[in-house]
file query_13.cif (mmCIF, C-alpha atoms)
data_final
#
loop_
_atom_site.label_atom_id
_atom_site.label_comp_id
_atom_site.auth_asym_id
_atom_site.auth_seq_id
_atom_site.Cartn_x
_atom_site.Cartn_y
_atom_site.Cartn_z
CA MET A 829 92.07 -2.48 -16.82
CA ILE A 830 90.75 -6.02 -16.54
CA VAL A 831 90.46 -8.27 -19.56
CA ALA A 832 87.87 -10.94 -18.87
CA ASP A 833 87.40 -14.23 -20.64
CA SER A 834 84.13 -16.06 -21.06
CA SER A 835 84.64 -18.40 -18.09
CA GLY A 836 85.30 -15.54 -15.70
CA LEU A 837 82.31 -13.47 -16.82
CA VAL A 838 79.95 -16.45 -16.78
CA ALA A 839 81.18 -17.52 -13.33
CA LEU A 840 80.52 -14.08 -11.87
CA GLY A 841 77.20 -13.97 -13.71
CA SER A 842 76.19 -17.32 -12.28
CA VAL A 843 76.46 -16.00 -8.72
CA GLU A 844 74.89 -12.65 -9.56
CA VAL A 845 77.88 -10.40 -8.95
CA ILE A 846 78.59 -9.44 -12.54
CA GLU A 847 76.69 -6.16 -12.20
CA PRO A 848 78.74 -4.80 -9.26
CA PHE A 849 81.90 -6.16 -10.87
CA VAL A 850 81.49 -4.26 -14.13
CA THR A 851 80.31 -1.20 -12.21
CA GLU A 852 83.37 -1.16 -9.96
CA PHE A 853 86.01 -2.09 -12.51
CA ASP A 854 87.14 -1.19 -16.03
CA VAL A 855 86.34 -4.49 -17.75
CA TRP A 856 87.19 -5.35 -21.35
CA THR A 857 86.70 -8.40 -23.49
CA THR A 858 86.69 -9.58 -27.10
CA PRO A 859 83.91 -10.08 -29.67
CA GLU A 860 84.73 -13.82 -29.62
CA THR A 861 84.03 -13.84 -25.89
CA VAL A 862 80.68 -12.13 -26.35
CA ASP A 863 79.79 -14.63 -29.09
CA SER A 864 80.73 -17.49 -26.78
CA ILE A 865 78.62 -16.07 -23.96
CA GLU A 866 75.69 -15.66 -26.35
CA ALA A 867 76.00 -19.31 -27.32
CA LYS A 868 76.14 -20.37 -23.66
CA SER A 869 73.11 -18.26 -22.83
CA ALA A 870 70.87 -20.78 -24.57
CA ARG A 871 71.88 -23.47 -22.07
CA HIS A 872 69.92 -24.56 -19.06
CA GLY A 873 71.43 -24.48 -15.59
CA PRO A 874 73.99 -22.25 -13.90
CA ASP A 875 76.15 -21.78 -16.99
CA GLY A 876 73.18 -20.57 -19.00
CA GLU A 877 72.03 -18.32 -16.17
CA GLY A 878 75.54 -16.97 -15.75
CA ALA A 879 75.84 -16.32 -19.46
CA ARG A 880 72.51 -14.50 -19.57
CA ALA A 881 73.57 -12.35 -16.62
CA ALA A 882 76.89 -11.61 -18.33
CA LEU A 883 75.14 -10.71 -21.58
CA SER A 884 72.91 -8.27 -19.75
CA VAL A 885 75.92 -6.14 -18.81
CA THR A 886 77.87 -6.20 -22.08
CA ASN A 887 76.89 -2.55 -22.61
CA GLN A 888 79.02 -1.79 -19.54
CA ILE A 889 82.00 -3.78 -20.83
CA GLY A 890 84.48 -2.58 -23.42
CA VAL A 891 84.42 -4.98 -26.37
CA THR A 892 87.28 -4.79 -28.81
CA ALA A 893 89.04 -7.16 -31.16
CA PRO A 894 92.67 -8.03 -30.46
CA ASN A 895 95.33 -7.22 -33.02
CA ALA A 896 96.34 -10.81 -33.66
CA GLU A 897 94.93 -14.29 -33.97
CA PRO A 898 93.98 -15.98 -30.67
CA ILE A 899 96.62 -18.00 -28.87
CA VAL A 900 95.40 -21.58 -28.84
CA THR A 901 96.88 -24.32 -26.65
CA THR A 902 95.62 -27.66 -25.43
CA ARG A 903 94.03 -25.79 -22.52
CA LEU A 904 93.01 -22.56 -24.24
CA ASP A 905 90.45 -22.50 -27.03
CA ARG A 906 90.13 -19.65 -29.52
CA THR A 907 87.73 -17.74 -27.29
CA SER A 908 89.95 -17.82 -24.21
CA GLY A 909 92.95 -17.29 -26.44
CA SER A 910 91.41 -14.13 -27.91
CA ALA A 911 91.14 -12.66 -24.40
CA VAL A 912 94.79 -13.55 -23.80
CA VAL A 913 95.83 -11.69 -26.95
CA LEU A 914 93.72 -8.67 -25.97
CA ALA A 915 95.34 -8.65 -22.52
CA ARG A 916 98.74 -8.66 -24.19
CA ASP A 917 97.74 -5.95 -26.70
CA ARG A 918 96.54 -3.68 -23.94
CA ASP A 919 99.11 -4.73 -21.34
CA ALA A 920 96.14 -5.31 -19.04
CA ARG A 921 96.96 -5.26 -15.37
CA TYR A 922 94.46 -8.04 -14.61
CA HIS A 923 93.00 -11.05 -16.38
CA LEU A 924 89.71 -12.46 -15.08
CA THR A 925 89.28 -16.17 -15.71
CA ASP A 926 87.77 -19.29 -14.22
CA GLU A 927 89.86 -21.62 -16.40
CA ARG A 928 91.49 -23.37 -13.46
CA ARG A 929 92.97 -26.14 -15.57
CA ALA A 930 94.66 -23.54 -17.78
CA MET A 931 96.15 -21.60 -14.89
CA HIS A 932 99.73 -22.51 -15.75
CA GLU A 933 99.39 -21.33 -19.36
CA LEU A 934 97.49 -18.19 -18.39
CA ARG A 935 100.00 -17.11 -15.77
CA GLN A 936 102.72 -17.45 -18.35
CA LEU A 937 100.87 -15.77 -21.21
CA VAL A 938 99.09 -12.76 -19.75
CA PRO A 939 101.07 -9.69 -18.74
CA GLY A 940 99.19 -8.93 -15.54
CA ASP A 941 97.82 -10.78 -12.54
CA VAL A 942 95.33 -13.57 -13.01
CA VAL A 943 92.11 -12.85 -11.14
CA THR A 944 89.90 -15.81 -10.31
CA PRO A 945 86.23 -15.29 -9.42
CA TRP A 946 87.01 -15.67 -5.72
CA ILE A 947 89.71 -13.01 -5.92
CA ALA A 948 87.15 -10.81 -7.68
CA LEU A 949 84.70 -11.46 -4.83
CA GLU A 950 87.27 -10.42 -2.26
CA ALA A 951 88.15 -7.30 -4.26
CA LEU A 952 84.44 -6.40 -4.36
CA VAL A 953 84.28 -6.79 -0.58
CA ARG A 954 87.23 -4.41 -0.27
CA THR A 955 85.59 -1.81 -2.52
CA ALA A 956 82.39 -2.19 -0.49
CA GLY A 957 80.67 -3.41 -3.63
CA LEU A 958 79.69 -6.58 -1.79
CA ARG A 959 79.24 -7.52 1.85
CA ARG A 960 81.59 -10.19 3.14
CA GLN A 961 78.73 -12.44 4.11
CA ASP A 962 77.34 -12.15 0.58
CA ALA A 963 80.76 -12.93 -0.85
CA ARG A 964 80.93 -16.14 1.18
CA PHE A 965 77.49 -17.10 -0.05
CA ARG A 966 78.49 -16.41 -3.67
CA LEU A 967 81.70 -18.39 -3.27
CA ASP A 968 79.70 -21.35 -1.98
CA GLY A 969 77.58 -21.03 -5.10
CA LEU A 970 80.69 -21.20 -7.30
CA LEU A 971 82.09 -24.17 -5.42
CA ASP A 972 78.85 -26.14 -5.56
CA ARG A 973 79.61 -26.91 -9.17
CA ALA A 974 83.37 -27.42 -8.87
CA ARG A 975 84.77 -30.94 -8.89
CA GLY A 976 88.19 -32.51 -8.43
CA LEU A 977 91.16 -30.20 -8.96
CA GLU A 978 88.87 -27.22 -9.45
CA ALA A 979 87.08 -27.81 -6.15
CA ALA A 980 90.33 -28.23 -4.21
CA VAL A 981 91.74 -24.98 -5.54
CA GLY A 982 88.44 -23.18 -5.15
CA ASN A 983 88.11 -24.36 -1.56
CA ARG A 984 91.24 -22.38 -0.79
CA GLY A 985 89.37 -19.29 -1.85
CA HIS A 986 87.46 -19.69 1.39
CA SER A 987 90.49 -18.71 3.42
CA LEU A 988 90.70 -15.45 1.48
CA ILE A 989 87.01 -14.65 1.73
CA GLN A 990 86.75 -15.76 5.36
CA ALA A 991 89.47 -13.38 6.44
CA GLU A 992 88.09 -10.36 8.22
CA MET B 1340 110.67 -52.04 -27.66
CA TYR B 1341 109.97 -50.03 -24.50
CA THR B 1342 109.75 -52.12 -21.35
CA MET B 1343 108.47 -50.51 -18.16
CA SER B 1344 110.91 -51.03 -15.31
CA THR B 1345 109.69 -53.06 -12.38
CA THR B 1346 110.58 -53.23 -8.75
CA ARG B 1347 110.15 -55.99 -6.22
CA VAL B 1348 107.64 -55.30 -3.46
CA ASN B 1349 106.62 -57.39 -0.50
CA PHE B 1350 103.12 -57.20 0.87
CA ARG B 1351 100.68 -59.50 2.56
CA LEU B 1352 97.43 -60.69 0.98
CA SER B 1353 94.75 -62.87 2.49
CA GLU B 1354 94.96 -66.57 1.57
CA ASP B 1355 91.63 -66.23 -0.18
CA LEU B 1356 92.90 -63.45 -2.43
CA VAL B 1357 96.05 -65.39 -3.27
CA GLU B 1358 94.01 -68.48 -4.13
CA ARG B 1359 91.65 -66.45 -6.30
CA ALA B 1360 94.62 -64.82 -8.04
CA ASP B 1361 96.09 -68.26 -8.68
CA VAL B 1362 92.81 -69.53 -10.14
CA ALA B 1363 92.65 -66.45 -12.38
CA ALA B 1364 96.28 -67.01 -13.40
CA ALA B 1365 95.61 -70.65 -14.27
CA VAL B 1366 92.51 -69.81 -16.27
CA THR B 1367 94.02 -66.91 -18.20
CA GLY B 1368 97.50 -68.25 -18.59
CA GLN B 1369 98.95 -65.17 -16.92
CA THR B 1370 101.32 -65.11 -14.00
CA ARG B 1371 100.12 -64.36 -10.49
CA THR B 1372 102.15 -61.14 -10.63
CA ALA B 1373 100.39 -60.08 -13.83
CA ILE B 1374 96.98 -60.78 -12.28
CA VAL B 1375 97.79 -58.73 -9.17
CA ALA B 1376 99.40 -55.95 -11.23
CA ASP B 1377 96.34 -55.74 -13.49
CA ALA B 1378 94.06 -55.58 -10.45
CA VAL B 1379 96.10 -52.80 -8.87
CA GLU B 1380 96.23 -50.93 -12.18
CA ALA B 1381 92.46 -51.17 -12.61
CA HIS B 1382 91.82 -50.04 -9.06
CA LEU B 1383 94.18 -47.09 -9.36
CA GLY B 1384 92.64 -46.13 -12.68
CA SER B 1385 89.22 -46.13 -11.07
CA LEU B 1386 90.41 -44.09 -8.10
CA GLU B 1387 92.24 -41.58 -10.24
CA ALA B 1388 89.15 -41.01 -12.38
CA ASP B 1389 87.15 -40.15 -9.29
CA ASP B 1390 86.63 -36.43 -8.65
CA ALA B 1391 86.71 -36.86 -4.87
CA PHE B 1392 90.09 -38.60 -5.10
CA GLU B 1393 91.48 -35.87 -7.34
CA GLU B 1394 90.19 -33.21 -4.98
CA ALA B 1395 91.75 -34.95 -1.97
CA LEU B 1396 95.07 -35.36 -3.78
CA VAL B 1397 95.19 -31.69 -4.75
CA GLU B 1398 94.25 -30.70 -1.20
CA ARG B 1399 97.20 -32.74 0.07
CA TYR B 1400 99.51 -31.17 -2.49
CA LEU B 1401 98.38 -27.69 -1.47
CA ASP B 1402 98.96 -28.66 2.17
CA GLY B 1403 102.51 -29.72 1.30
CA GLU B 1404 101.81 -33.37 2.10
CA VAL B 1405 102.27 -34.61 -1.48
CA GLU B 1406 105.22 -33.76 -3.72
CA LEU B 1407 104.64 -32.20 -7.14
CA GLU B 1408 106.24 -35.21 -8.84
CA ASP B 1409 103.78 -37.57 -7.17
CA ALA B 1410 100.85 -35.32 -8.06
CA ARG B 1411 102.14 -35.26 -11.64
CA ARG B 1412 102.13 -39.06 -11.84
CA VAL B 1413 98.46 -39.15 -10.97
CA LEU B 1414 97.11 -35.93 -12.48
CA GLY B 1415 99.29 -35.75 -15.53
CA ARG B 1416 101.78 -33.03 -16.30
CA ARG B 1417 99.38 -30.31 -17.41
CA ASP B 1418 96.97 -30.61 -14.52
CA ALA B 1419 99.85 -30.78 -12.06
CA GLU B 1420 101.24 -27.59 -13.57
CA ALA B 1421 97.81 -25.98 -13.28
CA VAL B 1422 97.70 -26.92 -9.61
CA ARG B 1423 101.20 -25.59 -9.00
CA ALA B 1424 100.28 -22.32 -10.72
CA SER B 1425 97.12 -22.15 -8.63
CA ALA B 1426 99.13 -22.70 -5.46
CA THR B 1427 101.30 -19.72 -6.36
CA LEU B 1428 98.22 -17.69 -7.18
CA LEU B 1429 96.74 -18.58 -3.79
CA GLU B 1430 99.83 -17.16 -2.11
CA ASP B 1431 99.39 -13.92 -4.05
CA ALA B 1432 95.59 -13.77 -3.87
CA GLU B 1433 95.26 -11.33 -1.01
CA ALA B 1434 97.71 -8.88 -2.55
CA ILE B 1435 95.98 -9.14 -5.94
CA ALA B 1436 92.54 -8.58 -4.40
CA ASN B 1437 93.90 -5.59 -2.54
CA ALA B 1438 95.56 -4.07 -5.61
CA LEU B 1439 92.46 -4.70 -7.70
CA SER B 1440 90.22 -3.01 -5.13
CA GLU B 1441 92.49 0.02 -5.18
CA ASP B 1442 92.08 0.20 -8.97
CA ALA B 1443 88.28 0.31 -8.73
CA ALA B 1444 86.54 2.94 -10.81
#

call {"tool": "encode", "arguments": {"input": "query_13.cif", "output": "structure tokens"}}
result
Amino acid sequence: MIVADSSGLVALGSVEVIEPFVTEFDVWTTPETVDSIEAKSARHGPDGEGARAALSVTNQIGVTAPNAEPIVTTRLDRTSGSAVVLARDRDARYHLTDERRAMHELRQLVPGDVVTPWIALEALVRTAGLRRQDARFRLDGLLDRARGLEAAVGNRGHSLIQAE
Amino acid sequence: MYTMSTTRVNFRLSEDLVERADVAAAVTGQTRTAIVADAVEAHLGSLEADDAFEEALVERYLDGEVELEDARRVLGRRDAEAVRASATLLEDAEAIANALSEDAA
């Protein structure tokens, strides 16, 4: 089971791999996350496109409310925090996120492994849900918009995706 | 009152820069040291606000060329922790991708 937050779903939506991702994996999220994606879907640009793509597959995602109030920190808002609580409720094995500046908090708070979009891309390559060349192209798309810390960390995703 | 500790450093500046610093000191009533310190502070602030600088710093940290404590001074504690957590995640990434692919529907 993968619990996904808004950032992770929108990131995969923005590079058009959300459909194979939700087809290949058992993905769950919270109503707050869906509301957040709906709000983002009105935006222009990659975030809006990613949100619209993510919204188009919500019928293939399990949506359920967590049993407690969201965990909110300086790096996690209520939406991301609701996904954290759901992951804890369900003891989810994986937690999809693109919140790179909250990585420390997330790795401490969620019970399973944190899955970044570039780890998801590599997993899709391994399930044959995506060709490696496509995965590289999608990763480049994700990194085009990354800056600073996020770009440096994301660049390391190349070494994973480049591996044959 | 909190006073930041200082340390003595020796470095060479062009005569022109020293003269300009002295003019600025005379005009503002500050010491030459204060003028130079303010200039360095402003330049570092500008650099540290630059995405390309942050990216290069994090790259160096991930390459093991910069210590966590030094990264923390520049990035701040929370971002430095995020980078450290990301570095650990990078080490585990292949295993996670593999395990995730085995859990596919």

call {"tool": "interface_residues", "arguments": {"input": "query_13.cif", "of": "chain A", "to": "chain B", "cutoff": "7 Å", "atoms": "all atoms listed in the file", "output": "PDB file with C-alpha atoms, in the frame of the given file"}}
result
ATOM      1  CA  GLU A 852      83.370  -1.160  -9.960  1.00  0.00           C
ATOM      2  CA  PHE A 853      86.010  -2.090 -12.510  1.00  0.00           C
ATOM      3  CA  ASP A 854      87.140  -1.190 -16.030  1.00  0.00           C
ATOM      4  CA  ARG A 928      91.490 -23.370 -13.460  1.00  0.00           C
ATOM      5  CA  ARG A 929      92.970 -26.140 -15.570  1.00  0.00           C
ATOM      6  CA  ALA A 930      94.660 -23.540 -17.780  1.00  0.00           C
ATOM      7  CA  MET A 931      96.150 -21.600 -14.890  1.00  0.00           C
ATOM      8  CA  HIS A 932      99.730 -22.510 -15.750  1.00  0.00           C
ATOM      9  CA  ILE A 947      89.710 -13.010  -5.920  1.00  0.00           C
ATOM     10  CA  ALA A 948      87.150 -10.810  -7.680  1.00  0.00           C
ATOM     11  CA  GLU A 950      87.270 -10.420  -2.260  1.00  0.00           C
ATOM     12  CA  ALA A 951      88.150  -7.300  -4.260  1.00  0.00           C
ATOM     13  CA  LEU A 952      84.440  -6.400  -4.360  1.00  0.00           C
ATOM     14  CA  ARG A 954      87.230  -4.410  -0.270  1.00  0.00           C
ATOM     15  CA  THR A 955      85.590  -1.810  -2.520  1.00  0.00           C
ATOM     16  CA  ARG A 975      84.770 -30.940  -8.890  1.00  0.00           C
ATOM     17  CA  GLY A 976      88.190 -32.510  -8.430  1.00  0.00           C
ATOM     18  CA  LEU A 977      91.160 -30.200  -8.960  1.00  0.00           C
ATOM     19  CA  ALA A 979      87.080 -27.810  -6.150  1.00  0.00           C
ATOM     20  CA  ALA A 980      90.330 -28.230  -4.210  1.00  0.00           C
ATOM     21  CA  VAL A 981      91.740 -24.980  -5.540  1.00  0.00           C
ATOM     22  CA  LEU A 988      90.700 -15.450   1.480  1.00  0.00           C
TER      23      LEU A 988
END

call {"tool": "residues_around", "arguments": {"input": "query_13.cif", "residues": "Asp968 (chain A)", "least_positions_apart": "5", "cutoff": "12 Å", "atoms": "only C-alpha atoms", "output": "list in words"}}
result
Ser842, Val843, Pro945, Trp946, Leu949, Gln961, Asp962, Ala963, Arg973, Ala974, Ala979, Gly982, Asn983, Arg984, Gly985, His986, Ile989 and Gln990 of chain A

call {"tool": "resolve_selection", "arguments": {"input": "query_13.cif", "expression": "the PyMOL selection byres ((chain A and resi 890) around 12)", "output": "ChimeraX atom specification"}}
result
/A:829-832,850,853-859,861-862,885-889,891-893,914

call {"tool": "write_last_selection", "arguments": {"input": "query_13.cif", "atoms": "C-alpha atoms", "output": "compact mmCIF listing (two decimals), keeping the file's coordinate frame"}}
result
# COMPACT_ATOMS: atom_id res chain seq x y z
CA MET A 829 92.07 -2.48 -16.82
CA ILE A 830 90.75 -6.02 -16.54
CA VAL A 831 90.46 -8.27 -19.56
CA ALA A 832 87.87 -10.94 -18.87
CA VAL A 850 81.49 -4.26 -14.13
CA PHE A 853 86.01 -2.09 -12.51
CA ASP A 854 87.14 -1.19 -16.03
CA VAL A 855 86.34 -4.49 -17.75
CA TRP A 856 87.19 -5.35 -21.35
CA THR A 857 86.70 -8.40 -23.49
CA THR A 858 86.69 -9.58 -27.10
CA PRO A 859 83.91 -10.08 -29.67
CA THR A 861 84.03 -13.84 -25.89
CA VAL A 862 80.68 -12.13 -26.35
CA VAL A 885 75.92 -6.14 -18.81
CA THR A 886 77.87 -6.20 -22.08
CA ASN A 887 76.89 -2.55 -22.61
CA GLN A 888 79.02 -1.79 -19.54
CA ILE A 889 82.00 -3.78 -20.83
CA VAL A 891 84.42 -4.98 -26.37
CA THR A 892 87.28 -4.79 -28.81
CA ALA A 893 89.04 -7.16 -31.16
CA LEU A 914 93.72 -8.67 -25.97

call {"tool": "residues_around", "arguments": {"input": "query_13.cif", "residues": "Ala870 (chain A)", "least_positions_apart": "4", "cutoff": "9 Å", "atoms": "only C-alpha atoms", "output": "list in words"}}
result
Glu866, Gly876, Glu877, Ala879 and Arg880 of chain A

call {"tool": "resolve_selection", "arguments": {"input": "query_13.cif", "expression": "the PyMOL selection byres ((chain A and resi 908) around 12)", "output": "PyMOL selection string"}}
result
chain A and resi 831-837+857-865+894+897-907+909-915+923-927+930-931+933-934+937-938

call {"tool": "atom_distance", "arguments": {"input": "query_13.cif", "atom1": "CA of Gly873 (chain A)", "atom2": "CA of Glu1387 (chain B)"}}
result
27.5 Å

call {"tool": "axis_aligned_box", "arguments": {"input": "query_13.cif", "around": "region 932-945 of chain A", "padding_each_side": "8 Å", "output": "JSON"}}
result
{"center_x": 94.5, "center_y": -15.7, "center_z": -15.3, "size_x": 32.5, "size_y": 29.6, "size_z": 27.8}

call {"tool": "atom_distance", "arguments": {"input": "query_13.cif", "atom1": "CA of Thr1372 (chain B)", "atom2": "CA of Met1343 (chain B)"}}
result
14.5 Å

call {"tool": "atom_distance", "arguments": {"input": "query_13.cif", "atom1": "CA of Ile846 (chain A)", "atom2": "CA of Ala920 (chain A)"}}
result
19.2 Å

call {"tool": "decode", "arguments": {"input": "query_13.cif", "residues": "region 1351-1371 of chain B", "atoms": "N, CA, C and O atoms", "output": "compact mmCIF listing (two decimals), in the first residue's frame"}}
result
# COMPACT_ATOMS: atom_id res chain seq x y z
N ARG B 1351 44.45 39.84 2.14
CA ARG B 1351 44.95 40.96 1.36
C ARG B 1351 43.82 41.56 0.53
O ARG B 1351 43.00 40.85 -0.04
N LEU B 1352 43.76 42.88 0.51
CA LEU B 1352 42.80 43.60 -0.34
C LEU B 1352 43.59 44.55 -1.22
O LEU B 1352 44.70 44.98 -0.86
N SER B 1353 43.04 44.91 -2.35
CA SER B 1353 43.71 45.89 -3.20
C SER B 1353 43.75 47.24 -2.47
O SER B 1353 42.88 47.52 -1.62
N GLU B 1354 44.72 48.07 -2.82
CA GLU B 1354 44.82 49.40 -2.19
C GLU B 1354 43.55 50.18 -2.43
O GLU B 1354 43.06 50.90 -1.55
N ASP B 1355 43.02 50.03 -3.64
CA ASP B 1355 41.80 50.77 -3.99
C ASP B 1355 40.64 50.41 -3.05
O ASP B 1355 39.94 51.29 -2.55
N LEU B 1356 40.50 49.10 -2.81
CA LEU B 1356 39.40 48.67 -1.93
C LEU B 1356 39.59 49.20 -0.52
O LEU B 1356 38.64 49.65 0.13
N VAL B 1357 40.84 49.16 -0.05
CA VAL B 1357 41.11 49.65 1.31
C VAL B 1357 40.80 51.13 1.40
O VAL B 1357 40.17 51.61 2.36
N GLU B 1358 41.20 51.88 0.36
CA GLU B 1358 40.95 53.33 0.38
C GLU B 1358 39.44 53.61 0.35
O GLU B 1358 38.95 54.49 1.06
N ARG B 1359 38.73 52.84 -0.47
CA ARG B 1359 37.27 53.04 -0.53
C ARG B 1359 36.61 52.67 0.80
O ARG B 1359 35.67 53.34 1.24
N ALA B 1360 37.12 51.61 1.42
CA ALA B 1360 36.58 51.23 2.73
C ALA B 1360 36.84 52.34 3.75
O ALA B 1360 35.99 52.65 4.60
N ASP B 1361 38.01 52.94 3.66
CA ASP B 1361 38.35 54.01 4.61
C ASP B 1361 37.49 55.25 4.39
O ASP B 1361 37.08 55.92 5.35
N VAL B 1362 37.22 55.55 3.12
CA VAL B 1362 36.32 56.69 2.83
C VAL B 1362 34.94 56.39 3.42
O VAL B 1362 34.33 57.23 4.09
N ALA B 1363 34.46 55.16 3.16
CA ALA B 1363 33.13 54.78 3.68
C ALA B 1363 33.12 54.85 5.20
O ALA B 1363 32.14 55.30 5.81
N ALA B 1364 34.22 54.42 5.83
CA ALA B 1364 34.30 54.44 7.29
C ALA B 1364 34.24 55.87 7.80
O ALA B 1364 33.53 56.18 8.77
N ALA B 1365 34.98 56.76 7.11
CA ALA B 1365 35.01 58.17 7.55
C ALA B 1365 33.63 58.80 7.40
O ALA B 1365 33.17 59.55 8.26
N VAL B 1366 32.98 58.50 6.29
CA VAL B 1366 31.67 59.12 6.03
C VAL B 1366 30.61 58.61 6.98
O VAL B 1366 29.76 59.36 7.47
N THR B 1367 30.64 57.31 7.26
CA THR B 1367 29.57 56.72 8.09
C THR B 1367 29.89 56.72 9.57
O THR B 1367 29.02 56.44 10.40
N GLY B 1368 31.13 56.95 9.90
CA GLY B 1368 31.51 56.91 11.30
C GLY B 1368 31.73 55.49 11.80
O GLY B 1368 31.84 55.26 13.01
N GLN B 1369 31.76 54.54 10.89
CA GLN B 1369 32.01 53.15 11.29
C GLN B 1369 33.52 52.87 11.21
O GLN B 1369 34.28 53.65 10.61
N THR B 1370 33.90 51.74 11.76
CA THR B 1370 35.30 51.34 11.62
C THR B 1370 35.50 50.66 10.26
O THR B 1370 34.54 50.20 9.63
N ARG B 1371 36.75 50.58 9.84
CA ARG B 1371 37.05 49.87 8.60
C ARG B 1371 36.60 48.41 8.70
O ARG B 1371 36.04 47.85 7.76
